[in-house]
Structures are given as C-alpha cells and as structure tokens.
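Listing of query_37.pdb, PDB, N, CA and C atoms
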MODEL        1
ATOM      1  N   MET A  82       2.633  45.023   3.767
ATOM      2  CA  MET A  82       2.186  43.737   3.309
ATOM      3  C   MET A  82       0.672  43.627   3.525
ATOM      4  N   THR A  83      -0.031  43.195   2.520
ATOM      5  CA  THR A  83      -1.480  43.069   2.632
ATOM      6  C   THR A  83      -1.862  41.637   2.972
ATOM      7  N   TYR A  84      -2.999  41.525   3.611
ATOM      8  CA  TYR A  84      -3.493  40.208   4.015
ATOM      9  C   TYR A  84      -4.004  39.447   2.802
ATOM     10  N   ASP A  85      -3.600  38.207   2.685
ATOM     11  CA  ASP A  85      -4.062  37.325   1.615
ATOM     12  C   ASP A  85      -5.108  36.394   2.220
ATOM     13  N   SER A  86      -6.336  36.490   1.767
ATOM     14  CA  SER A  86      -7.424  35.701   2.338
ATOM     15  C   SER A  86      -7.242  34.193   2.110
ATOM     16  N   ARG A  87      -6.330  33.813   1.230
ATOM     17  CA  ARG A  87      -6.065  32.393   0.986
ATOM     18  C   ARG A  87      -5.119  31.800   2.025
ATOM     19  N   GLU A  88      -4.597  32.668   2.889
ATOM     20  CA  GLU A  88      -3.623  32.225   3.884
ATOM     21  C   GLU A  88      -4.166  31.106   4.773
ATOM     22  N   GLN A  89      -5.390  31.245   5.245
ATOM     23  CA  GLN A  89      -5.949  30.245   6.155
ATOM     24  C   GLN A  89      -6.032  28.880   5.486
ATOM     25  N   GLU A  90      -6.462  28.829   4.257
ATOM     26  CA  GLU A  90      -6.538  27.559   3.534
ATOM     27  C   GLU A  90      -5.144  26.966   3.335
ATOM     28  N   MET A  91      -4.176  27.827   3.026
ATOM     29  CA  MET A  91      -2.804  27.369   2.835
ATOM     30  C   MET A  91      -2.250  26.795   4.132
ATOM     31  N   ILE A  92      -2.512  27.465   5.253
ATOM     32  CA  ILE A  92      -2.035  26.977   6.547
ATOM     33  C   ILE A  92      -2.634  25.604   6.848
ATOM     34  N   LEU A  93      -3.932  25.466   6.659
ATOM     35  CA  LEU A  93      -4.579  24.184   6.925
ATOM     36  C   LEU A  93      -4.049  23.084   6.008
ATOM     37  N   THR A  94      -3.749  23.418   4.776
ATOM     38  CA  THR A  94      -3.197  22.435   3.837
ATOM     39  C   THR A  94      -1.814  21.982   4.285
ATOM     40  N   VAL A  95      -0.955  22.934   4.615
ATOM     41  CA  VAL A  95       0.415  22.606   5.041
ATOM     42  C   VAL A  95       0.401  21.822   6.348
ATOM     43  N   PHE A  96      -0.373  22.288   7.324
ATOM     44  CA  PHE A  96      -0.433  21.593   8.611
ATOM     45  C   PHE A  96      -1.011  20.191   8.444
ATOM     46  N   SER A  97      -2.013  20.045   7.596
ATOM     47  CA  SER A  97      -2.610  18.735   7.348
ATOM     48  C   SER A  97      -1.579  17.772   6.765
ATOM     49  N   GLU A  98      -0.757  18.253   5.841
ATOM     50  CA  GLU A  98       0.298  17.414   5.264
ATOM     51  C   GLU A  98       1.309  17.008   6.338
ATOM     52  N   MET A  99       1.670  17.955   7.205
ATOM     53  CA  MET A  99       2.629  17.655   8.266
ATOM     54  C   MET A  99       2.061  16.629   9.240
ATOM     55  N   LEU A 100       0.814  16.810   9.642
ATOM     56  CA  LEU A 100       0.175  15.884  10.564
ATOM     57  C   LEU A 100      -0.062  14.521   9.920
ATOM     58  N   GLY A 101      -0.153  14.484   8.607
ATOM     59  CA  GLY A 101      -0.383  13.235   7.890
ATOM     60  C   GLY A 101       0.707  12.209   8.120
ATOM     61  N   ALA A 102       1.953  12.643   8.146
ATOM     62  CA  ALA A 102       3.069  11.710   8.367
ATOM     63  C   ALA A 102       2.981  11.081   9.748
ATOM     64  N   VAL A 103       2.614  11.878  10.735
ATOM     65  CA  VAL A 103       2.473  11.380  12.103
ATOM     66  C   VAL A 103       1.281  10.429  12.191
ATOM     67  N   THR A 104       0.191  10.787  11.537
ATOM     68  CA  THR A 104      -1.010   9.959  11.549
ATOM     69  C   THR A 104      -0.734   8.600  10.913
ATOM     70  N   LYS A 105      -0.009   8.584   9.803
ATOM     71  CA  LYS A 105       0.326   7.316   9.136
ATOM     72  C   LYS A 105       1.230   6.460  10.018
ATOM     73  N   ASP A 106       2.193   7.085  10.680
ATOM     74  CA  ASP A 106       3.102   6.350  11.566
ATOM     75  C   ASP A 106       2.313   5.698  12.702
ATOM     76  N   GLY A 107       1.431   6.455  13.334
ATOM     77  CA  GLY A 107       0.600   5.903  14.400
ATOM     78  C   GLY A 107      -0.322   4.807  13.887
ATOM     79  N   GLY A 108      -0.845   4.989  12.678
ATOM     80  CA  GLY A 108      -1.719   3.985  12.084
ATOM     81  C   GLY A 108      -1.005   2.664  11.863
ATOM     82  N   ARG A 109       0.241   2.741  11.420
ATOM     83  CA  ARG A 109       1.038   1.511  11.239
ATOM     84  C   ARG A 109       1.216   0.790  12.574
ATOM     85  N   LYS A 110       1.481   1.562  13.612
ATOM     86  CA  LYS A 110       1.692   0.968  14.937
ATOM     87  C   LYS A 110       0.388   0.399  15.499
ATOM     88  N   ARG A 111      -0.722   1.084  15.270
ATOM     89  CA  ARG A 111      -2.007   0.556  15.732
ATOM     90  C   ARG A 111      -2.374  -0.714  14.969
ATOM     91  N   ALA A 112      -2.107  -0.739  13.670
ATOM     92  CA  ALA A 112      -2.395  -1.928  12.861
ATOM     93  C   ALA A 112      -1.556  -3.122  13.323
ATOM     94  N   ALA A 113      -0.349  -2.843  13.817
ATOM     95  CA  ALA A 113       0.529  -3.902  14.320
ATOM     96  C   ALA A 113       0.164  -4.314  15.746
ATOM     97  N   GLY A 114      -0.773  -3.582  16.350
ATOM     98  CA  GLY A 114      -1.206  -3.911  17.701
ATOM     99  C   GLY A 114      -0.325  -3.370  18.803
ATOM    100  N   THR A 115       0.552  -2.419  18.469
ATOM    101  CA  THR A 115       1.467  -1.882  19.480
ATOM    102  C   THR A 115       0.982  -0.585  20.112
ATOM    103  N   LYS A 116      -0.145  -0.047  19.622
ATOM    104  CA  LYS A 116      -0.703   1.187  20.187
ATOM    105  C   LYS A 116      -2.215   1.052  20.275
ATOM    106  N   PRO A 117      -2.816   1.662  21.301
ATOM    107  CA  PRO A 117      -4.274   1.652  21.382
ATOM    108  C   PRO A 117      -4.867   2.667  20.398
ATOM    109  N   PRO A 118      -6.184   2.639  20.199
ATOM    110  CA  PRO A 118      -6.801   3.659  19.347
ATOM    111  C   PRO A 118      -6.494   5.061  19.887
ATOM    112  N   TRP A 119      -6.234   5.981  18.996
ATOM    113  CA  TRP A 119      -5.834   7.339  19.397
ATOM    114  C   TRP A 119      -6.880   8.015  20.276
ATOM    115  N   TRP A 120      -8.132   7.731  20.040
ATOM    116  CA  TRP A 120      -9.213   8.407  20.755
ATOM    117  C   TRP A 120      -9.386   7.886  22.174
ATOM    118  N   SER A 121      -8.804   6.718  22.493
ATOM    119  CA  SER A 121      -8.888   6.189  23.855
ATOM    120  C   SER A 121      -7.524   6.135  24.538
ATOM    121  N   ASP A 122      -6.472   6.430  23.813
ATOM    122  CA  ASP A 122      -5.102   6.379  24.334
ATOM    123  C   ASP A 122      -4.950   7.358  25.499
ATOM    124  N   THR A 123      -4.410   6.895  26.601
ATOM    125  CA  THR A 123      -4.201   7.755  27.771
ATOM    126  C   THR A 123      -2.757   8.244  27.892
ATOM    127  N   SER A 124      -1.934   7.949  26.898
ATOM    128  CA  SER A 124      -0.509   8.320  26.990
ATOM    129  C   SER A 124      -0.166   9.614  26.244
ATOM    130  N   HIS A 125      -1.165  10.332  25.755
ATOM    131  CA  HIS A 125      -0.873  11.537  24.957
ATOM    132  C   HIS A 125      -0.079  12.591  25.734
ATOM    133  N   GLU A 126      -0.480  12.854  26.976
ATOM    134  CA  GLU A 126       0.220  13.894  27.747
ATOM    135  C   GLU A 126       1.680  13.519  27.975
ATOM    136  N   LYS A 127       1.923  12.288  28.364
ATOM    137  CA  LYS A 127       3.297  11.816  28.570
ATOM    138  C   LYS A 127       4.099  11.954  27.277
ATOM    139  N   ALA A 128       3.478  11.605  26.150
ATOM    140  CA  ALA A 128       4.165  11.691  24.860
ATOM    141  C   ALA A 128       4.475  13.134  24.481
ATOM    142  N   ILE A 129       3.609  14.063  24.860
ATOM    143  CA  ILE A 129       3.873  15.483  24.583
ATOM    144  C   ILE A 129       5.197  15.889  25.223
ATOM    145  N   PHE A 130       5.369  15.530  26.482
ATOM    146  CA  PHE A 130       6.601  15.901  27.175
ATOM    147  C   PHE A 130       7.813  15.166  26.610
ATOM    148  N   SER A 131       7.608  13.942  26.159
ATOM    149  CA  SER A 131       8.697  13.192  25.533
ATOM    150  C   SER A 131       9.147  13.871  24.237
ATOM    151  N   HIS A 132       8.191  14.261  23.408
ATOM    152  CA  HIS A 132       8.541  14.922  22.141
ATOM    153  C   HIS A 132       9.157  16.296  22.384
ATOM    154  N   LEU A 133       8.667  17.002  23.398
ATOM    155  CA  LEU A 133       9.246  18.302  23.739
ATOM    156  C   LEU A 133      10.689  18.129  24.207
ATOM    157  N   SER A 134      10.919  17.123  25.026
ATOM    158  CA  SER A 134      12.273  16.849  25.517
ATOM    159  C   SER A 134      13.214  16.487  24.372
ATOM    160  N   LYS A 135      12.742  15.653  23.449
ATOM    161  CA  LYS A 135      13.558  15.293  22.285
ATOM    162  C   LYS A 135      13.926  16.536  21.480
ATOM    163  N   TRP A 136      12.961  17.402  21.253
ATOM    164  CA  TRP A 136      13.197  18.632  20.491
ATOM    165  C   TRP A 136      14.224  19.518  21.202
ATOM    166  N   LYS A 137      14.079  19.650  22.529
ATOM    167  CA  LYS A 137      15.007  20.488  23.290
ATOM    168  C   LYS A 137      16.434  19.930  23.245
ATOM    169  N   ARG A 138      16.568  18.604  23.122
ATOM    170  CA  ARG A 138      17.891  17.971  23.021
ATOM    171  C   ARG A 138      18.450  18.062  21.601
ATOM    172  N   GLY A 139      17.643  18.518  20.668
ATOM    173  CA  GLY A 139      18.103  18.624  19.290
ATOM    174  C   GLY A 139      17.695  17.460  18.411
ATOM    175  N   ASP A 140      16.926  16.522  18.953
ATOM    176  CA  ASP A 140      16.421  15.402  18.155
ATOM    177  C   ASP A 140      15.128  15.856  17.479
ATOM    178  N   VAL A 141      15.248  16.501  16.347
ATOM    179  CA  VAL A 141      14.062  17.089  15.733
ATOM    180  C   VAL A 141      13.338  16.159  14.771
ATOM    181  N   LYS A 142      14.008  15.127  14.281
ATOM    182  CA  LYS A 142      13.391  14.223  13.309
ATOM    183  C   LYS A 142      13.081  12.881  13.946
ATOM    184  N   ASP A 143      11.802  12.500  13.941
ATOM    185  CA  ASP A 143      11.402  11.213  14.491
ATOM    186  C   ASP A 143      11.939  10.094  13.614
ATOM    187  N   PRO A 144      12.589   9.089  14.200
ATOM    188  CA  PRO A 144      13.185   8.028  13.383
ATOM    189  C   PRO A 144      12.160   7.140  12.660
ATOM    190  N   ASP A 145      10.947   7.023  13.205
ATOM    191  CA  ASP A 145       9.937   6.174  12.574
ATOM    192  C   ASP A 145       9.182   6.882  11.458
ATOM    193  N   SER A 146       8.744   8.111  11.716
ATOM    194  CA  SER A 146       7.907   8.826  10.743
ATOM    195  C   SER A 146       8.689   9.783   9.861
ATOM    196  N   GLY A 147       9.829  10.233  10.342
ATOM    197  CA  GLY A 147      10.580  11.263   9.628
ATOM    198  C   GLY A 147      10.039  12.661   9.884
ATOM    199  N   ALA A 148       8.978  12.751  10.685
ATOM    200  CA  ALA A 148       8.355  14.049  10.973
ATOM    201  C   ALA A 148       9.083  14.749  12.121
ATOM    202  N   HIS A 149       8.917  16.050  12.175
ATOM    203  CA  HIS A 149       9.502  16.870  13.225
ATOM    204  C   HIS A 149       8.902  16.479  14.574
ATOM    205  N   ALA A 150       9.717  16.502  15.622
ATOM    206  CA  ALA A 150       9.251  16.149  16.966
ATOM    207  C   ALA A 150       8.082  17.026  17.404
ATOM    208  N   LEU A 151       8.096  18.295  17.028
ATOM    209  CA  LEU A 151       7.011  19.182  17.433
ATOM    210  C   LEU A 151       5.720  18.902  16.665
ATOM    211  N   THR A 152       5.829  18.283  15.492
ATOM    212  CA  THR A 152       4.620  17.862  14.787
ATOM    213  C   THR A 152       3.970  16.716  15.549
ATOM    214  N   HIS A 153       4.785  15.810  16.077
ATOM    215  CA  HIS A 153       4.255  14.741  16.925
ATOM    216  C   HIS A 153       3.598  15.343  18.166
ATOM    217  N   LEU A 154       4.237  16.328  18.768
ATOM    218  CA  LEU A 154       3.675  17.002  19.940
ATOM    219  C   LEU A 154       2.325  17.615  19.591
ATOM    220  N   ALA A 155       2.244  18.313  18.471
ATOM    221  CA  ALA A 155       0.996  18.958  18.053
ATOM    222  C   ALA A 155      -0.105  17.918  17.841
ATOM    223  N   TRP A 156       0.243  16.789  17.238
ATOM    224  CA  TRP A 156      -0.728  15.724  16.997
ATOM    225  C   TRP A 156      -1.290  15.222  18.321
ATOM    226  N   ARG A 157      -0.395  14.982  19.278
ATOM    227  CA  ARG A 157      -0.821  14.505  20.592
ATOM    228  C   ARG A 157      -1.697  15.536  21.299
ATOM    229  N   ALA A 158      -1.353  16.822  21.160
ATOM    230  CA  ALA A 158      -2.164  17.883  21.770
ATOM    231  C   ALA A 158      -3.564  17.904  21.161
ATOM    232  N   LEU A 159      -3.661  17.722  19.848
ATOM    233  CA  LEU A 159      -4.974  17.662  19.200
ATOM    234  C   LEU A 159      -5.765  16.447  19.661
ATOM    235  N   ALA A 160      -5.084  15.332  19.889
ATOM    236  CA  ALA A 160      -5.771  14.132  20.381
ATOM    237  C   ALA A 160      -6.350  14.381  21.776
ATOM    238  N   ILE A 161      -5.602  15.063  22.629
ATOM    239  CA  ILE A 161      -6.126  15.407  23.957
ATOM    240  C   ILE A 161      -7.311  16.349  23.821
ATOM    241  N   ALA A 162      -7.199  17.337  22.942
ATOM    242  CA  ALA A 162      -8.311  18.277  22.735
ATOM    243  C   ALA A 162      -9.562  17.531  22.286
ATOM    244  N   TYR A 163      -9.390  16.541  21.394
ATOM    245  CA  TYR A 163     -10.528  15.731  20.955
ATOM    246  C   TYR A 163     -11.135  15.007  22.153
ATOM    247  N   GLN A 164     -10.295  14.333  22.945
ATOM    248  CA  GLN A 164     -10.790  13.561  24.087
ATOM    249  C   GLN A 164     -11.505  14.443  25.103
ATOM    250  N   GLU A 165     -10.976  15.638  25.343
ATOM    251  CA  GLU A 165     -11.599  16.534  26.318
ATOM    252  C   GLU A 165     -12.856  17.197  25.769
ATOM    253  N   THR A 166     -12.975  17.268  24.456
ATOM    254  CA  THR A 166     -14.166  17.859  23.837
ATOM    255  C   THR A 166     -15.284  16.833  23.679
ATOM    256  N   TYR A 167     -14.924  15.642  23.197
ATOM    257  CA  TYR A 167     -15.919  14.621  22.846
ATOM    258  C   TYR A 167     -15.918  13.401  23.755
ATOM    259  N   GLY A 168     -14.904  13.272  24.578
ATOM    260  CA  GLY A 168     -14.754  12.077  25.397
ATOM    261  C   GLY A 168     -13.857  11.075  24.688
ATOM    262  N   ARG A 169     -13.522  10.030  25.393
ATOM    263  CA  ARG A 169     -12.682   8.973  24.791
ATOM    264  C   ARG A 169     -13.580   7.998  24.048
ATOM    265  N   VAL A 170     -14.234   8.523  23.019
ATOM    266  CA  VAL A 170     -15.166   7.736  22.221
ATOM    267  C   VAL A 170     -14.707   7.709  20.776
ATOM    268  N   ASN A 171     -14.978   6.600  20.138
ATOM    269  CA  ASN A 171     -14.636   6.442  18.732
ATOM    270  C   ASN A 171     -15.454   7.432  17.910
ATOM    271  N   PRO A 172     -14.803   8.237  17.080
ATOM    272  CA  PRO A 172     -15.557   9.185  16.268
ATOM    273  C   PRO A 172     -16.364   8.507  15.158
ATOM    274  N   GLY A 173     -16.197   7.207  15.022
ATOM    275  CA  GLY A 173     -16.939   6.466  14.008
ATOM    276  C   GLY A 173     -16.039   6.066  12.867
ATOM    277  N   PRO A 174     -16.522   5.139  12.064
ATOM    278  CA  PRO A 174     -15.707   4.691  10.935
ATOM    279  C   PRO A 174     -15.466   5.828   9.951
ATOM    280  N   VAL A 175     -14.262   5.848   9.419
ATOM    281  CA  VAL A 175     -13.890   6.875   8.457
ATOM    282  C   VAL A 175     -14.597   6.637   7.131
ATOM    283  N   ASN A 176     -14.694   5.372   6.743
ATOM    284  CA  ASN A 176     -15.334   5.016   5.481
ATOM    285  C   ASN A 176     -16.684   4.381   5.751
ATOM    286  N   PRO A 177     -17.727   4.835   5.065
ATOM    287  CA  PRO A 177     -19.034   4.205   5.266
ATOM    288  C   PRO A 177     -18.926   2.697   5.032
ATOM    289  N   GLY A 178     -19.522   1.934   5.925
ATOM    290  CA  GLY A 178     -19.484   0.489   5.808
ATOM    291  C   GLY A 178     -18.250  -0.145   6.417
ATOM    292  N   ALA A 179     -17.318   0.677   6.921
ATOM    293  CA  ALA A 179     -16.096   0.135   7.517
ATOM    294  C   ALA A 179     -16.426  -0.504   8.860
ATOM    295  N   VAL A 180     -15.627  -1.463   9.240
ATOM    296  CA  VAL A 180     -15.808  -2.140  10.521
ATOM    297  C   VAL A 180     -15.105  -1.333  11.597
ATOM    298  N   ASP A 181     -15.791  -1.135  12.724
ATOM    299  CA  ASP A 181     -15.211  -0.445  13.858
ATOM    300  C   ASP A 181     -14.264  -1.413  14.583
ATOM    301  N   PRO A 182     -12.932  -1.134  14.578
ATOM    302  CA  PRO A 182     -11.966  -2.073  15.156
ATOM    303  C   PRO A 182     -11.808  -1.940  16.665
ATOM    304  N   SER A 183     -12.562  -1.051  17.304
ATOM    305  CA  SER A 183     -12.367  -0.825  18.725
ATOM    306  C   SER A 183     -12.871  -2.024  19.542
ATOM    307  N   PRO A 184     -12.270  -2.238  20.727
ATOM    308  CA  PRO A 184     -12.676  -3.364  21.562
ATOM    309  C   PRO A 184     -14.165  -3.299  21.876
ATOM    310  N   GLY A 185     -14.797  -4.445  21.867
ATOM    311  CA  GLY A 185     -16.213  -4.511  22.191
ATOM    312  C   GLY A 185     -17.153  -4.267  21.033
ATOM    313  N   ASN A 186     -16.616  -3.965  19.864
ATOM    314  CA  ASN A 186     -17.448  -3.754  18.688
ATOM    315  C   ASN A 186     -17.202  -4.876  17.674
ATOM    316  N   PRO A 187     -18.280  -5.377  17.101
ATOM    317  CA  PRO A 187     -18.111  -6.485  16.137
ATOM    318  C   PRO A 187     -17.377  -6.071  14.885
TER     319      PRO A 187
ENDMDL
END

Rendering of file as structure tokens:
Amino acid sequence: MTYDSREQEMILTVFSEMLGAVTKDGGRKRAAGTKPPWWSDTSHEKAIFSHLSKWKRGDVKDPDSGAHALTHLAWRALAIAYQETYGRVNPGPVNPGAVDPSPGNP
C-alpha cells in the first residue's frame, strides 16, 4: 500500500466533522447558561474520566449530541491542551465585530 499525501487533509476533515457535533452541543449549553466558556472551564479533566467510564460501560452514544463518548473525551482533551498552551484566556471573537460574551467584557 502506498502513502496517499491527501490522507492528512482527509483525517482533519473527518475529525473536524466529528468534533463539530460536540462543539455544537456545548455551544447550546453555554448559550442556555448551563456551562462556562470552554476556555475557562475547569471541569474538562473530570469530564474526560466521565466519558471514558461511559465508553467502558458500553454507553458509546451521547444522548444530547449523538456523538461518540470518545469524541467528547477528545474534545475535552483538546480544551485542556488549549488551556495549558495559551492559558484560560478567551481566544477572541470568532467573527470580526462579534461581542465577547465572557464575564467582565462589555
């Protein structure tokens, strides 16, 4: 089997789609006020173990997002990596001109 140089792009596309369902689910919860901003959330590590435990019990599909439990785990791991790399700071508005919804910002 020969290496296909398009593999990396395909992997990033597939993983991005998988993480998208988890991101949308968290966004709905943050919009409802039931979760803190992902970049300042301190519950990521606890959630990793919760999702791992669910997966080990055979609960592979999250009831809220429909995503695999390990996709939720991966999302939380990336959030920790972000926090440990950049700090618990808002990465900035996604859309130019958007209002920063974090506490203490107008």

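Near A:Gly168, within a cut-off of 9 Å and counting only C-alpha atoms, sit the residues A:Trp120, A:Ser121, A:Tyr163, A:Gln164, A:Glu165, A:Asn171, with same-chain residues fewer than 3 positions away left out.
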
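Comparing the minimum interatomic distances between A:His132 and each of A:Thr115, A:Thr104, A:Ser146, A:Thr152, counting only C-alpha atoms, we find that A:Thr152 sits nearest.
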
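Our summary of the geometry notes that atom N of A:Thr123 is positioned 29.7 Å from atom N of A:Ile92.
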
Let me know the centre plus edge lengths, in Å and rounded to one decimal, of a box with edges along x, y and z that contains all listed atoms of stretch 92-95 of chain A and is padded by 5 Å on every side, as lines of an AutoDock Vina configuration file.
center_x = -2.1
center_y = 24.6
center_z = 5.4
size_x = 15.0
size_y = 15.6
size_z = 13.1

(request) Apply DSSP to the structure's backbone, then extract all residues of chain A labelled helix (DSSP H, G or I) and return them as an MDAnalysis selection string. (result) chainID A and resid 88:112 125:138 150:167

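Going from atom CA of A:Ala158 over to atom CA of A:Met99, you cover 14.3 Å.
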
(request) To verify the selection step, state as a count of residues only which residues the PyMOL selection byres (((chain A and resi 149 and name CA) around 12) and name CA) yields on this input. (result) 27

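One finds atom N of A:Trp119 at 11.9 Å from atom N of A:Asp106.
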